[in-house]
Amino acid sequence: MENSTQHWQAALANIVQSPNSRLRFGEPLSKHTHFGIGGEAAAYFEVSTLAELASIARFHQQWQVPVAIIGRGSNLLVSDAGFSGIAIRLIGELAQLTVDGNTVTVGAGVSLPRLSKAMSRRGLSGVEFALGIPGSVGGALMMNAGAWGSSFGDVVTNVTVMHDTGELSQRSHAEARFEYRHSGLGDYFCVTGATLSLEPGDAATITKQMQAFYKQKVATQPFAEENAGCMFKNPPGDSAGRLIDVCGLKGHRIGGAEVSSVHGNFILNLDNATAADVLNLVAHIQQQVKAKTGVSLQTEVKRLGF
């Protein structure tokens with residue numbers, strides 16, 4: 001197995017063309033996730049060109065090596081055993097942002113705070129909610145990220161996807177199949193970007209709204225401690241945080257993982273928590289909430305390497 005891994009790693013190194021791209025082997029993914037948890041990836045690749053990404057798609061097909069686009073690692077729990085494939089972050093050509101009137105073309109690697117701030121400066125409304133979401137556009141598309149009653153899919157007109165062949169194609173808003181914290185975009189090798197349609201408005205008013213959302217988020221959610229954002233999806237007509245709170249679980253701890261005392265839907269890495277600590281705490285929360293409220297909480301945070 002080790003020889004096989006070394007074999008594909010040697011072949012992968014030939015894909016790197018751009019001086020801006022970075023490829024590392026045996027890279028701890030704890031360094032690249034907001035949770036600060038996770039073992040090593042067999043390969044970690046910061047990809048800066050579409051051509052390199054297309055080569056990786058074909059490489060994935062040829063070698064049958066698993067590939068995960070981890071973006072900014074904000075909504076991700078990585079196994080303590082790591083990930084036996086290629087973890088990818090999109091940069092460079094894949095993190096560009098262009099504006100034409102109220103139409104915005106944005107790469108999957110663009111961070112949501114960058115997008116939100118850039119649009120407010122231009123007097124374009126629709127992504128004010130995104131300032132406090134530390135992920136990337138790619139993750140927001142895949143998960144239909146949202147806050148304060150808005151979702152990213154609401155402003156998307158089309159999405160550019162890459163197939164396993166490395167070819168690109170467009171998918172309309174309808175074809176992207178946006179739902180609450182979900183989309184149909186997982187059917188493709190990856191998303192590379194999207195076109196957004198925003199509403200023109202007054203830059204000062206939009207900026208004020210964006211900052212109000214951000215202040216509210218900072219006041220009601222943990223920011224200083226390592227975490228992966230909301231751990232559970234909100235059940236229809238209710239709040240996961242409220243259910244966890246009424247079950248008396250705030251502050252409950254297993255190993256180094258603890259339910260935030262600020263907001264029950266956040267699990268914090270307070271003391272070198274392992275992925276096992278987090279999953280044991282998740283299972284305890286689900287069991288308690290089910291027993292006391294009858295509600296089955298579903299996790300929102302993605303898992304890698306399990």
# chains A, B, ... in the order shown; residues from 1 in each chain; ligands from 1
>>> select_by_dssp(residues="range 154-261 of chain A", states="strand (DSSP E)", output="PyMOL selection string")
chain A and resi 156-162+168-172+190-197+199-200+226-227+253-254+257-259
>>> residues_around(residues="range 134-142 of chain A", least_positions_apart="6", cutoff="10 Å", atoms="only C-alpha atoms", output="PyMOL selection string")
chain A and resi 34+69-75+89-90+94-95+106-115+151-153+156+159+176+178+181-186+190-194+228-229
>>> residues_around(residues="Asn269 in chain A", least_positions_apart="2", cutoff="12 Å", atoms="only C-alpha atoms", output="VMD selection string")
chain A and resid 30 33 to 38 77 222 to 229 253 to 260 266 to 267 271 to 278 281
>>> atom_distance(atom1="CA of Phe83 in chain A", atom2="CA of Ala41 in chain A")
4.6 Å
>>> closest_residue(among="A:Phe213, A:His7, A:Ser197, A:Ser120", to="Thr103 in chain A", atoms="only C-alpha atoms")
A:Ser197
>>> residues_around(residues="Asn234 in chain A", least_positions_apart="6", cutoff="10 Å", atoms="only C-alpha atoms", output="list in words")
Tyr180, Arg181, Ala240, Gly241, Arg242, Leu243, Asn265, Leu297, Gln298, Thr299 and Glu300 of chain A
>>> closest_residue(among="A:Ala11, A:Leu304, A:Ala43, A:Met143", to="Glu27 in chain A", atoms="only C-alpha atoms")
A:Ala43
>>> select_by_dssp(residues="range 145-306 of chain A", states="alpha helix (DSSP H)", output="number ranges by chain")
A: 173-176, 203-220, 240-246, 275-293
>>> residues_around(residues="Ser125 in chain A", least_positions_apart="2", cutoff="7 Å", atoms="only C-alpha atoms", output="count of residues only")
10
>>> closest_residue(among="A:Phe189, A:Asn14, A:Gln288, A:Ser79", to="Pro66 in chain A", atoms="only C-alpha atoms")
A:Phe189
>>> residues_around(residues="Ala13 in chain A", least_positions_apart="2", cutoff="12 Å", atoms="only C-alpha atoms", output="short mmCIF file (atom, residue, chain, number, x, y, z; two decimals) with N, CA and C atoms, in the first residue's frame")
data_model
loop_
_atom_site.label_atom_id
_atom_site.label_comp_id
_atom_site.auth_asym_id
_atom_site.auth_seq_id
_atom_site.Cartn_x
_atom_site.Cartn_y
_atom_site.Cartn_z
N GLN A 6 3.22 6.02 -2.72
CA GLN A 6 4.39 6.73 -3.22
C GLN A 6 4.37 6.83 -4.74
N HIS A 7 3.83 5.81 -5.38
CA HIS A 7 3.76 5.78 -6.84
C HIS A 7 2.86 6.91 -7.34
N TRP A 8 1.63 7.02 -6.78
CA TRP A 8 0.73 8.06 -7.27
C TRP A 8 1.20 9.46 -6.84
N GLN A 9 1.85 9.51 -5.68
CA GLN A 9 2.36 10.82 -5.25
C GLN A 9 3.43 11.34 -6.21
N ALA A 10 4.26 10.44 -6.69
CA ALA A 10 5.29 10.84 -7.66
C ALA A 10 4.65 11.33 -8.95
N ALA A 11 3.57 10.65 -9.37
CA ALA A 11 2.87 11.06 -10.59
C ALA A 11 2.15 12.40 -10.39
N ILE A 15 2.00 17.22 -12.02
CA ILE A 15 0.89 18.09 -12.40
C ILE A 15 1.18 19.55 -12.09
N VAL A 16 2.01 19.78 -11.06
CA VAL A 16 2.27 21.16 -10.63
C VAL A 16 2.99 21.93 -11.73
N GLN A 17 2.35 22.99 -12.22
CA GLN A 17 2.93 23.81 -13.28
C GLN A 17 3.18 25.25 -12.82
N SER A 18 2.24 25.79 -12.07
CA SER A 18 2.32 27.19 -11.66
C SER A 18 3.20 27.36 -10.43
N SER A 21 1.20 27.51 -7.16
CA SER A 21 0.59 26.31 -6.59
C SER A 21 1.56 25.65 -5.62
N ARG A 22 0.99 25.00 -4.59
CA ARG A 22 1.84 24.34 -3.60
C ARG A 22 1.33 22.93 -3.35
N LEU A 23 2.25 21.98 -3.38
CA LEU A 23 1.91 20.58 -3.13
C LEU A 23 2.78 20.05 -2.00
N ARG A 24 2.12 19.48 -0.99
CA ARG A 24 2.86 18.89 0.13
C ARG A 24 2.31 17.49 0.40
N PHE A 25 3.17 16.61 0.84
CA PHE A 25 2.77 15.25 1.20
C PHE A 25 2.83 15.09 2.72
N ALA A 43 -1.81 13.90 0.46
CA ALA A 43 -1.33 15.05 -0.32
C ALA A 43 -2.22 16.25 -0.03
N TYR A 44 -1.62 17.42 0.08
CA TYR A 44 -2.35 18.68 0.24
C TYR A 44 -1.89 19.59 -0.89
N PHE A 45 -2.85 20.07 -1.69
CA PHE A 45 -2.53 20.76 -2.94
C PHE A 45 -3.29 22.08 -3.00
N GLU A 52 -4.40 22.98 -14.00
CA GLU A 52 -3.95 22.02 -12.98
C GLU A 52 -5.14 21.28 -12.38
N SER A 55 -6.25 18.65 -14.65
CA SER A 55 -5.31 17.51 -14.62
C SER A 55 -5.56 16.63 -13.40
N ILE A 56 -5.91 17.27 -12.27
CA ILE A 56 -6.20 16.49 -11.06
C ILE A 56 -7.48 15.68 -11.24
N PHE A 59 -6.50 12.79 -13.21
CA PHE A 59 -5.64 11.97 -12.35
C PHE A 59 -6.50 11.14 -11.40
N ILE A 86 -6.14 13.25 -1.77
CA ILE A 86 -5.62 14.59 -2.06
C ILE A 86 -6.62 15.62 -1.55
#
